[in-house]
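Enquirer: Quick one: the structure is below, questions incoming.
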Amino acid sequence: MPQASINIDLDTLTEDIDGETRIIRRDELRATTYRRVIPRFLELLDRHGLKATFFVIGRDAVDHHDVLANIAHSGHELANHTMTHPKQFVHLDDRAIVREIRDCDRALKSIAGRPIVGFRAPGYTVSLRVIRALREAGYRYDSSLNSSLCYYAIKTVFKAVRLRDRDYLSTQRLLEVFAPRTPYRMAADSLSRRDNGQAFIEIPISVIPYVSYPFVTALLLHFGAAPSLQALKMLIARRRFVNCELHINEFTDRGDIMGEDGGFYLTRQYVRIDLAQRMKYFDRLLGAIRADCDVTLLRDVAV
Ligand SMILES: [Zn+2]
């Protein structure tokens, strides 16, 4: 049976909101994600008997320690998504990169009661400097590379259109779009080269064969369940590792952000589709992954 992972980035509403809401305090927005939205996802996992990997922003651990402890103690994995989620993470200097990784690591380790071994960068963008910092911190894997040509093109256009926000998220270099598409031991001197003598593993985001579109539900949800299920079949037929990535804001309901006057971007796309409809989508997709794959935590891939 092919292996698969369900993993989710806990980027709270503060990361996606770009306008007016009835909630103006950032800690309140984060609390909405942690207290109202995350339980929906946990309930979905429980219903399917699945364990997932949660990429957590370390800053949120202070206020929501109990939610994260509950997640970790239920057998899910907590992984590092930096301390403050800087959009230009790869362009920070070495000390700041190390600090972002280390501070999040400390916050999560004390909650999980075990070493944190996995990392995902904001915006699917890493560099050799980031990977070096991860190796030195004792990490076993990174799961940031998204070698989808479509995604690269979409992001480049998106950044060009949003002129006033040109540096919204950094972009991986085009060269790295040609990295391996299944988990691989990463060479010391190249992000996109395999070297079986190395211990550190890259677990790239899955890319749908032929169309080179990322297997990221935030980018698939709008097409309904059929294309996602078809993409899953294609990945399985090619015996690819299915690295299925979700974002917690996909589980946000309109009521959670009542009073919103249209000033959202990523989140606005999700809330155009009723939460009930989105839950049906996830039910079908997770059900299919559960039926056809051996679902594992990312830390168990990187051994
Ligand atoms: Zn993120």
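Note on naming: chains are A, B, ... as they come in the structure tokens, residues start from 1 per chain, ligands start from 1 in the order shown.
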Apply DSSP to the backbone of this structure and, from segment 68-283 of chain A, keep only the residues in strand (DSSP E); write these as a PyMOL selection string.

Expert: chain A and resi 77-80+118-119+141-142+184-185+201-202+207-208+213-214+242-247

Enquirer: Mind dumping the selected residues with N, CA and C atoms as a PDB file, in the first residue's frame?

Expert:
```pdb
ATOM      1  N   GLU A  77       1.429  14.524  15.582  1.00  0.00           N
ATOM      2  CA  GLU A  77       2.791  15.059  15.655  1.00  0.00           C
ATOM      3  C   GLU A  77       2.767  16.587  15.647  1.00  0.00           C
ATOM      4  N   LEU A  78       3.538  17.199  16.527  1.00  0.00           N
ATOM      5  CA  LEU A  78       3.754  18.651  16.451  1.00  0.00           C
ATOM      6  C   LEU A  78       5.074  18.894  15.725  1.00  0.00           C
ATOM      7  N   ALA A  79       5.062  19.796  14.770  1.00  0.00           N
ATOM      8  CA  ALA A  79       6.282  20.105  14.028  1.00  0.00           C
ATOM      9  C   ALA A  79       6.434  21.620  13.937  1.00  0.00           C
ATOM     10  N   ASN A  80       7.636  22.028  13.583  1.00  0.00           N
ATOM     11  CA  ASN A  80       8.075  23.423  13.668  1.00  0.00           C
ATOM     12  C   ASN A  80       7.689  24.217  12.416  1.00  0.00           C
ATOM     13  N   GLY A 118      10.676  17.815  12.788  1.00  0.00           N
ATOM     14  CA  GLY A 118      10.285  18.225  11.444  1.00  0.00           C
ATOM     15  C   GLY A 118      10.009  19.707  11.334  1.00  0.00           C
ATOM     16  N   PHE A 119      10.190  20.214  10.133  1.00  0.00           N
ATOM     17  CA  PHE A 119      10.069  21.657   9.901  1.00  0.00           C
ATOM     18  C   PHE A 119       9.360  21.924   8.579  1.00  0.00           C
ATOM     19  N   TYR A 141      13.876  16.066   9.296  1.00  0.00           N
ATOM     20  CA  TYR A 141      13.293  16.316   7.978  1.00  0.00           C
ATOM     21  C   TYR A 141      12.792  17.750   7.826  1.00  0.00           C
ATOM     22  N   ASP A 142      12.684  18.127   6.549  1.00  0.00           N
ATOM     23  CA  ASP A 142      12.008  19.363   6.155  1.00  0.00           C
ATOM     24  C   ASP A 142      10.901  18.944   5.201  1.00  0.00           C
ATOM     25  N   TYR A 184      13.311  12.238  -0.140  1.00  0.00           N
ATOM     26  CA  TYR A 184      14.694  11.892  -0.521  1.00  0.00           C
ATOM     27  C   TYR A 184      15.689  12.429   0.488  1.00  0.00           C
ATOM     28  N   ARG A 185      16.812  11.751   0.566  1.00  0.00           N
ATOM     29  CA  ARG A 185      17.914  12.221   1.415  1.00  0.00           C
ATOM     30  C   ARG A 185      18.614  13.339   0.673  1.00  0.00           C
ATOM     31  N   ILE A 201      16.237  14.313   5.565  1.00  0.00           N
ATOM     32  CA  ILE A 201      15.270  13.977   4.512  1.00  0.00           C
ATOM     33  C   ILE A 201      14.405  15.178   4.131  1.00  0.00           C
ATOM     34  N   GLU A 202      14.190  15.345   2.849  1.00  0.00           N
ATOM     35  CA  GLU A 202      13.199  16.315   2.378  1.00  0.00           C
ATOM     36  C   GLU A 202      11.946  15.520   1.989  1.00  0.00           C
ATOM     37  N   VAL A 207       2.983  16.585  -5.934  1.00  0.00           N
ATOM     38  CA  VAL A 207       2.612  17.332  -7.137  1.00  0.00           C
ATOM     39  C   VAL A 207       1.855  16.371  -8.049  1.00  0.00           C
ATOM     40  N   ILE A 208       0.741  16.829  -8.582  1.00  0.00           N
ATOM     41  CA  ILE A 208      -0.106  15.954  -9.402  1.00  0.00           C
ATOM     42  C   ILE A 208       0.569  15.714 -10.755  1.00  0.00           C
ATOM     43  N   TYR A 213       0.444  20.280 -10.682  1.00  0.00           N
ATOM     44  CA  TYR A 213      -0.326  21.121  -9.767  1.00  0.00           C
ATOM     45  C   TYR A 213      -0.122  20.564  -8.349  1.00  0.00           C
ATOM     46  N   PRO A 214       0.044  21.436  -7.336  1.00  0.00           N
ATOM     47  CA  PRO A 214       0.321  20.912  -5.998  1.00  0.00           C
ATOM     48  C   PRO A 214      -0.886  20.224  -5.347  1.00  0.00           C
ATOM     49  N   VAL A 242       2.094  10.170  -0.857  1.00  0.00           N
ATOM     50  CA  VAL A 242       1.033  11.185  -0.909  1.00  0.00           C
ATOM     51  C   VAL A 242       1.198  12.126   0.281  1.00  0.00           C
ATOM     52  N   ASN A 243       1.766  13.285   0.019  1.00  0.00           N
ATOM     53  CA  ASN A 243       1.968  14.275   1.080  1.00  0.00           C
ATOM     54  C   ASN A 243       0.848  15.313   0.947  1.00  0.00           C
ATOM     55  N   CYS A 244      -0.245  15.066   1.648  1.00  0.00           N
ATOM     56  CA  CYS A 244      -1.457  15.881   1.486  1.00  0.00           C
ATOM     57  C   CYS A 244      -1.433  17.029   2.500  1.00  0.00           C
ATOM     58  N   GLU A 245      -1.335  18.246   1.991  1.00  0.00           N
ATOM     59  CA  GLU A 245      -1.191  19.403   2.872  1.00  0.00           C
ATOM     60  C   GLU A 245      -2.479  20.224   2.965  1.00  0.00           C
ATOM     61  N   LEU A 246      -2.873  20.521   4.197  1.00  0.00           N
ATOM     62  CA  LEU A 246      -4.056  21.346   4.461  1.00  0.00           C
ATOM     63  C   LEU A 246      -3.625  22.603   5.234  1.00  0.00           C
ATOM     64  N   HIS A 247      -4.526  23.564   5.298  1.00  0.00           N
ATOM     65  CA  HIS A 247      -4.306  24.759   6.127  1.00  0.00           C
ATOM     66  C   HIS A 247      -5.514  24.914   7.041  1.00  0.00           C
TER      67      HIS A 247
END
```

Enquirer: With a cut-off of 10 Å, could you pull out the residues of segment 50-125 of chain A touching segment 6-9 of chain A and give me the nearest pair of atoms for each, distance in Å to one decimal, using only C-alpha atoms, ordered by chain and ascending number, as a Markdown table?

Expert:
```
| residue | atom | partner | partner_atom | distance |
| --- | --- | --- | --- | --- |
| A:Leu50 | CA | A:Ile6 | CA | 8.2 |
| A:Lys51 | CA | A:Ile6 | CA | 7.5 |
| A:Ala52 | CA | A:Ile6 | CA | 5.1 |
| A:Thr53 | CA | A:Asn7 | CA | 4.6 |
| A:Phe54 | CA | A:Ile8 | CA | 5.1 |
| A:Phe55 | CA | A:Asp9 | CA | 4.7 |
| A:Val56 | CA | A:Asp9 | CA | 6.6 |
| A:Ile57 | CA | A:Asp9 | CA | 8.5 |
| A:His76 | CA | A:Asn7 | CA | 9.8 |
| A:Glu77 | CA | A:Asn7 | CA | 9.1 |
| A:Leu78 | CA | A:Asn7 | CA | 10.0 |
| A:Ala79 | CA | A:Asp9 | CA | 9.4 |
| A:Asn80 | CA | A:Asp9 | CA | 9.7 |
| A:His81 | CA | A:Asp9 | CA | 7.6 |
| A:Arg120 | CA | A:Asp9 | CA | 8.4 |
| A:Ala121 | CA | A:Asp9 | CA | 10.0 |
| A:Pro122 | CA | A:Asp9 | CA | 9.2 |
```

Enquirer: Between A:Lys109, A:Arg35, A:Arg129, A:Arg181, which residue has the minimum interatomic distance to Ser148 of chain A, considering only C-alpha atoms?

Expert: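 Of A:Lys109, A:Arg35, A:Arg129, A:Arg181, the one nearest Ser148 of chain A is A:Arg181, counting only C-alpha atoms.
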
Enquirer: With only C-alpha atoms and all ligand atoms as the atoms that count, which of A:Leu235, A:Ala276, A:Leu10, A:Ala112 lies nearest to ligand 1?

Expert: A:Leu10

Enquirer: Quick one: of A:Thr156, A:Thr32, A:Ser143, A:Gln3, who's nearest to ligand 1, counting only C-alpha atoms and all ligand atoms?

Expert: A:Ser143

Enquirer: As an NGL selection string, list the residues of segment 70-224 of chain A assigned to alpha helix (DSSP H) by DSSP on the backbone atoms of this structure.

Expert: :A and (70-73 or 94-112 or 128-136 or 149-161 or 217-220)

Enquirer: Selected residues, N, CA and C atoms, written as a tab-separated table (two decimals), in the first residue's frame, please.

Expert:
```tsv
chain	number	residue	atom	x	y	z
A	70	ASN	N	-3.15	18.68	24.04
A	70	ASN	CA	-4.19	17.71	23.73
A	70	ASN	C	-3.93	17.03	22.37
A	71	ILE	N	-3.48	17.85	21.41
A	71	ILE	CA	-3.16	17.30	20.08
A	71	ILE	C	-2.01	16.30	20.18
A	72	ALA	N	-0.94	16.74	20.87
A	72	ALA	CA	0.25	15.86	20.98
A	72	ALA	C	-0.09	14.57	21.73
A	73	HIS	N	-0.88	14.70	22.80
A	73	HIS	CA	-1.17	13.51	23.61
A	73	HIS	C	-2.17	12.58	22.94
A	94	ASP	N	21.54	34.64	9.25
A	94	ASP	CA	21.70	33.31	9.86
A	94	ASP	C	21.23	33.26	11.31
A	95	ARG	N	21.56	34.31	12.06
A	95	ARG	CA	21.18	34.29	13.48
A	95	ARG	C	19.67	34.33	13.66
A	96	ALA	N	19.01	35.12	12.84
A	96	ALA	CA	17.55	35.21	12.95
A	96	ALA	C	16.88	33.89	12.53
A	97	ILE	N	17.45	33.25	11.51
A	97	ILE	CA	16.91	31.94	11.08
A	97	ILE	C	17.03	30.93	12.22
A	98	VAL	N	18.21	30.89	12.82
A	98	VAL	CA	18.43	29.96	13.93
A	98	VAL	C	17.46	30.26	15.08
A	99	ARG	N	17.25	31.55	15.36
A	99	ARG	CA	16.36	31.95	16.46
A	99	ARG	C	14.92	31.53	16.18
A	100	GLU	N	14.46	31.74	14.96
A	100	GLU	CA	13.09	31.36	14.59
A	100	GLU	C	12.87	29.85	14.80
A	101	ILE	N	13.88	29.07	14.40
A	101	ILE	CA	13.76	27.60	14.53
A	101	ILE	C	13.86	27.19	15.99
A	102	ARG	N	14.85	27.76	16.69
A	102	ARG	CA	15.12	27.36	18.08
A	102	ARG	C	13.97	27.73	19.02
A	103	ASP	N	13.45	28.94	18.89
A	103	ASP	CA	12.40	29.37	19.82
A	103	ASP	C	11.13	28.55	19.65
A	104	CYS	N	10.79	28.25	18.41
A	104	CYS	CA	9.61	27.40	18.19
A	104	CYS	C	9.87	26.00	18.72
A	105	ASP	N	11.07	25.51	18.46
A	105	ASP	CA	11.44	24.17	18.93
A	105	ASP	C	11.26	24.05	20.45
A	106	ARG	N	11.76	25.04	21.17
A	106	ARG	CA	11.67	25.01	22.65
A	106	ARG	C	10.21	25.01	23.10
A	107	ALA	N	9.42	25.87	22.46
A	107	ALA	CA	8.02	25.99	22.86
A	107	ALA	C	7.28	24.65	22.65
A	108	LEU	N	7.57	24.00	21.52
A	108	LEU	CA	6.83	22.77	21.21
A	108	LEU	C	7.34	21.56	21.97
A	109	LYS	N	8.66	21.52	22.15
A	109	LYS	CA	9.26	20.36	22.83
A	109	LYS	C	8.70	20.21	24.24
A	110	SER	N	8.54	21.34	24.92
A	110	SER	CA	8.06	21.24	26.29
A	110	SER	C	6.59	20.80	26.33
A	111	ILE	N	5.85	21.08	25.28
A	111	ILE	CA	4.45	20.65	25.23
A	111	ILE	C	4.36	19.18	24.85
A	112	ALA	N	5.14	18.79	23.82
A	112	ALA	CA	5.04	17.43	23.30
A	112	ALA	C	5.73	16.42	24.23
A	128	LEU	N	19.71	26.56	1.51
A	128	LEU	CA	20.73	25.72	2.15
A	128	LEU	C	21.05	26.21	3.56
A	129	ARG	N	20.95	27.54	3.77
A	129	ARG	CA	21.22	28.08	5.11
A	129	ARG	C	20.17	27.57	6.10
A	130	VAL	N	18.92	27.52	5.67
A	130	VAL	CA	17.85	27.02	6.55
A	130	VAL	C	18.08	25.53	6.85
A	131	ILE	N	18.39	24.78	5.81
A	131	ILE	CA	18.59	23.34	6.00
A	131	ILE	C	19.78	23.08	6.93
A	132	ARG	N	20.82	23.88	6.78
A	132	ARG	CA	21.99	23.72	7.67
A	132	ARG	C	21.57	23.97	9.12
A	133	ALA	N	20.79	25.01	9.35
A	133	ALA	CA	20.33	25.31	10.71
A	133	ALA	C	19.49	24.15	11.26
A	134	LEU	N	18.69	23.55	10.41
A	134	LEU	CA	17.86	22.42	10.86
A	134	LEU	C	18.72	21.21	11.21
A	135	ARG	N	19.68	20.92	10.37
A	135	ARG	CA	20.59	19.79	10.65
A	135	ARG	C	21.29	20.02	11.99
A	136	GLU	N	21.75	21.24	12.19
A	136	GLU	CA	22.49	21.54	13.43
A	136	GLU	C	21.59	21.46	14.65
A	149	LEU	N	5.25	23.29	-11.06
A	149	LEU	CA	5.46	24.40	-12.01
A	149	LEU	C	4.28	25.36	-11.99
A	150	CYS	N	3.07	24.79	-11.87
A	150	CYS	CA	1.86	25.63	-11.80
A	150	CYS	C	1.94	26.58	-10.62
A	151	TYR	N	2.32	26.02	-9.47
A	151	TYR	CA	2.37	26.85	-8.28
A	151	TYR	C	3.39	27.96	-8.46
A	152	TYR	N	4.53	27.61	-9.02
A	152	TYR	CA	5.59	28.60	-9.25
A	152	TYR	C	5.04	29.74	-10.11
A	153	ALA	N	4.32	29.37	-11.17
A	153	ALA	CA	3.77	30.38	-12.09
A	153	ALA	C	2.70	31.23	-11.39
A	154	ILE	N	1.80	30.56	-10.66
A	154	ILE	CA	0.70	31.28	-9.98
A	154	ILE	C	1.29	32.29	-8.99
A	155	LYS	N	2.26	31.84	-8.23
A	155	LYS	CA	2.83	32.69	-7.19
A	155	LYS	C	3.56	33.88	-7.80
A	156	THR	N	4.26	33.63	-8.90
A	156	THR	CA	4.98	34.71	-9.56
A	156	THR	C	4.01	35.77	-10.07
A	157	VAL	N	2.90	35.33	-10.67
A	157	VAL	CA	1.89	36.27	-11.18
A	157	VAL	C	1.23	37.01	-10.02
A	158	PHE	N	0.87	36.25	-8.98
A	158	PHE	CA	0.20	36.81	-7.81
A	158	PHE	C	1.05	37.93	-7.20
A	159	LYS	N	2.34	37.67	-7.09
A	159	LYS	CA	3.24	38.67	-6.51
A	159	LYS	C	3.35	39.90	-7.41
A	160	ALA	N	3.33	39.66	-8.71
A	160	ALA	CA	3.44	40.78	-9.65
A	160	ALA	C	2.18	41.65	-9.60
A	161	VAL	N	1.02	41.01	-9.43
A	161	VAL	CA	-0.25	41.74	-9.41
A	161	VAL	C	-0.39	42.54	-8.12
A	217	THR	N	-4.84	21.14	-0.50
A	217	THR	CA	-6.30	21.24	-0.59
A	217	THR	C	-6.78	22.68	-0.77
A	218	ALA	N	-6.02	23.65	-0.22
A	218	ALA	CA	-6.45	25.05	-0.37
A	218	ALA	C	-6.53	25.45	-1.85
A	219	LEU	N	-5.74	24.77	-2.68
A	219	LEU	CA	-5.70	25.10	-4.10
A	219	LEU	C	-6.54	24.14	-4.93
A	220	LEU	N	-7.15	23.15	-4.26
A	220	LEU	CA	-7.94	22.14	-4.98
A	220	LEU	C	-9.43	22.21	-4.66
```

Enquirer: Please provide the set of residues having any atom within 12 Å of Ala179 of chain A, restricted to only C-alpha atoms, with same-chain residues fewer than 6 positions apart removed, written as a ChimeraX atom specification.

Expert: /A:144-149,172-173,185-187,190-194,202-207

Enquirer: Write the residues of the selection above to a file with N, CA and C atoms, as a PDB file, in the first residue's frame.

Expert:
```
ATOM      1  N   SER A 144       9.058  21.361   2.983  1.00  0.00           N
ATOM      2  CA  SER A 144       8.708  22.683   2.468  1.00  0.00           C
ATOM      3  C   SER A 144       8.700  22.754   0.951  1.00  0.00           C
ATOM      4  N   LEU A 145       9.495  21.930   0.304  1.00  0.00           N
ATOM      5  CA  LEU A 145       9.636  22.116  -1.142  1.00  0.00           C
ATOM      6  C   LEU A 145       8.352  21.744  -1.874  1.00  0.00           C
ATOM      7  N   ASN A 146       7.983  22.623  -2.783  1.00  0.00           N
ATOM      8  CA  ASN A 146       6.774  22.435  -3.582  1.00  0.00           C
ATOM      9  C   ASN A 146       7.226  22.582  -5.032  1.00  0.00           C
ATOM     10  N   SER A 147       7.502  21.446  -5.643  1.00  0.00           N
ATOM     11  CA  SER A 147       8.127  21.510  -6.968  1.00  0.00           C
ATOM     12  C   SER A 147       7.077  21.514  -8.081  1.00  0.00           C
ATOM     13  N   SER A 148       5.995  22.262  -7.854  1.00  0.00           N
ATOM     14  CA  SER A 148       4.947  22.358  -8.873  1.00  0.00           C
ATOM     15  C   SER A 148       5.215  23.562  -9.779  1.00  0.00           C
ATOM     16  N   LEU A 149       5.248  23.293 -11.060  1.00  0.00           N
ATOM     17  CA  LEU A 149       5.455  24.396 -12.014  1.00  0.00           C
ATOM     18  C   LEU A 149       4.282  25.361 -11.993  1.00  0.00           C
ATOM     19  N   GLN A 172      10.572  30.021  -4.090  1.00  0.00           N
ATOM     20  CA  GLN A 172      11.693  29.104  -4.300  1.00  0.00           C
ATOM     21  C   GLN A 172      12.342  29.389  -5.650  1.00  0.00           C
ATOM     22  N   ARG A 173      13.626  29.128  -5.779  1.00  0.00           N
ATOM     23  CA  ARG A 173      14.271  29.346  -7.074  1.00  0.00           C
ATOM     24  C   ARG A 173      13.756  28.327  -8.092  1.00  0.00           C
ATOM     25  N   ARG A 185      16.812  11.751   0.566  1.00  0.00           N
ATOM     26  CA  ARG A 185      17.914  12.221   1.415  1.00  0.00           C
ATOM     27  C   ARG A 185      18.614  13.339   0.673  1.00  0.00           C
ATOM     28  N   MET A 186      18.651  14.503   1.330  1.00  0.00           N
ATOM     29  CA  MET A 186      19.093  15.709   0.635  1.00  0.00           C
ATOM     30  C   MET A 186      20.607  15.888   0.695  1.00  0.00           C
ATOM     31  N   ALA A 187      21.206  16.180  -0.446  1.00  0.00           N
ATOM     32  CA  ALA A 187      22.650  16.426  -0.507  1.00  0.00           C
ATOM     33  C   ALA A 187      23.005  17.632   0.366  1.00  0.00           C
ATOM     34  N   SER A 190      23.104  20.873  -2.129  1.00  0.00           N
ATOM     35  CA  SER A 190      22.062  21.176  -3.117  1.00  0.00           C
ATOM     36  C   SER A 190      20.696  20.726  -2.604  1.00  0.00           C
ATOM     37  N   LEU A 191      19.743  21.641  -2.634  1.00  0.00           N
ATOM     38  CA  LEU A 191      18.392  21.309  -2.141  1.00  0.00           C
ATOM     39  C   LEU A 191      17.725  20.258  -3.004  1.00  0.00           C
ATOM     40  N   SER A 192      18.054  20.266  -4.281  1.00  0.00           N
ATOM     41  CA  SER A 192      17.280  19.436  -5.206  1.00  0.00           C
ATOM     42  C   SER A 192      17.996  18.132  -5.583  1.00  0.00           C
ATOM     43  N   ARG A 193      19.143  17.859  -4.939  1.00  0.00           N
ATOM     44  CA  ARG A 193      19.881  16.647  -5.294  1.00  0.00           C
ATOM     45  C   ARG A 193      19.785  15.602  -4.186  1.00  0.00           C
ATOM     46  N   ARG A 194      19.602  14.368  -4.611  1.00  0.00           N
ATOM     47  CA  ARG A 194      19.514  13.245  -3.684  1.00  0.00           C
ATOM     48  C   ARG A 194      20.923  12.768  -3.345  1.00  0.00           C
ATOM     49  N   GLU A 202      14.190  15.345   2.849  1.00  0.00           N
ATOM     50  CA  GLU A 202      13.199  16.315   2.378  1.00  0.00           C
ATOM     51  C   GLU A 202      11.946  15.520   1.989  1.00  0.00           C
ATOM     52  N   ILE A 203      10.802  15.970   2.501  1.00  0.00           N
ATOM     53  CA  ILE A 203       9.530  15.333   2.138  1.00  0.00           C
ATOM     54  C   ILE A 203       8.737  16.382   1.360  1.00  0.00           C
ATOM     55  N   PRO A 204       8.876  16.409   0.038  1.00  0.00           N
ATOM     56  CA  PRO A 204       8.241  17.492  -0.719  1.00  0.00           C
ATOM     57  C   PRO A 204       6.720  17.372  -0.722  1.00  0.00           C
ATOM     58  N   ILE A 205       6.070  18.495  -0.929  1.00  0.00           N
ATOM     59  CA  ILE A 205       4.619  18.507  -1.129  1.00  0.00           C
ATOM     60  C   ILE A 205       4.345  17.701  -2.401  1.00  0.00           C
ATOM     61  N   SER A 206       3.314  16.871  -2.399  1.00  0.00           N
ATOM     62  CA  SER A 206       3.020  16.080  -3.601  1.00  0.00           C
ATOM     63  C   SER A 206       2.578  16.976  -4.741  1.00  0.00           C
ATOM     64  N   VAL A 207       2.983  16.585  -5.934  1.00  0.00           N
ATOM     65  CA  VAL A 207       2.612  17.332  -7.137  1.00  0.00           C
ATOM     66  C   VAL A 207       1.855  16.371  -8.049  1.00  0.00           C
TER      67      VAL A 207
END
```

Enquirer: List as a list of chain:residue names the protein and nucleic acid residues near Thr296 of chain A, meaning an atom at most 7 Å away when only C-alpha atoms are counted, but skip any in the same chain fewer than 4 places from it.

Expert: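 My list of contacting residues is A:Gln3, A:Ala4, A:Ser5, A:Asp300.
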
Enquirer: Tell me, in Å to one decimal, how far atom CA of Met234 of chain A is from atom CA of Val301 of chain A.

Expert: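 Here the two named atoms are 20.8 Å from each other.
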
Enquirer: Find the residue from A:Met83, A:Ala69, A:Ile236, A:Ala61 that sits nearest to ligand 1; use only C-alpha atoms and all ligand atoms when measuring.

Expert: A:Met83

Enquirer: Excluding Ala226 of chain A and its own-chain neighbours fewer than 6 positions away, which residues fall within 10 Å of it when counting only C-alpha atoms? Please give them as a compact mmCIF listing (two decimals) with N, CA and C atoms, in the first residue's frame.

Expert:
```
# COMPACT_ATOMS: atom_id res chain seq x y z
N LEU A 220 -7.15 23.15 -4.26
CA LEU A 220 -7.94 22.14 -4.98
C LEU A 220 -9.43 22.21 -4.66
N LEU A 232 -5.46 11.94 -6.47
CA LEU A 232 -5.00 10.93 -5.51
C LEU A 232 -4.75 9.61 -6.22
N TYR A 281 -16.19 17.74 1.38
CA TYR A 281 -15.00 17.56 0.54
C TYR A 281 -13.92 16.82 1.34
N ARG A 284 -14.66 13.14 2.07
CA ARG A 284 -14.43 12.25 0.93
C ARG A 284 -12.95 12.03 0.69
N LEU A 285 -12.18 13.13 0.72
CA LEU A 285 -10.75 13.02 0.43
C LEU A 285 -10.02 12.21 1.50
```

Enquirer: Would you mind reading off the distance between atom CA of Thr12 of chain A and atom CA of Arg254 of chain A, one decimal, in Å?

Expert: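 Atom-to-atom, atom CA of Thr12 of chain A and atom CA of Arg254 of chain A are spaced 14.9 Å apart.
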
Enquirer: Using Å and a single decimal, report how far atom 1 (Zn, counted along the ligand's line) of ligand 1 sits from atom CA of Gly123 of chain A.

Expert: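 Separation between atom CA of Gly123 of chain A and atom 1 (Zn, counted along the ligand's line) of ligand 1: 6.3 Å.
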
Enquirer: Can you work out which one of A:Gly255, A:Pro86, A:Pro227, A:Pro183 has the shortest atom-to-atom distance to ligand 1, counting only C-alpha atoms and all ligand atoms?

Expert: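 With only C-alpha atoms and all ligand atoms as the atom set, the closest residue is A:Pro86.
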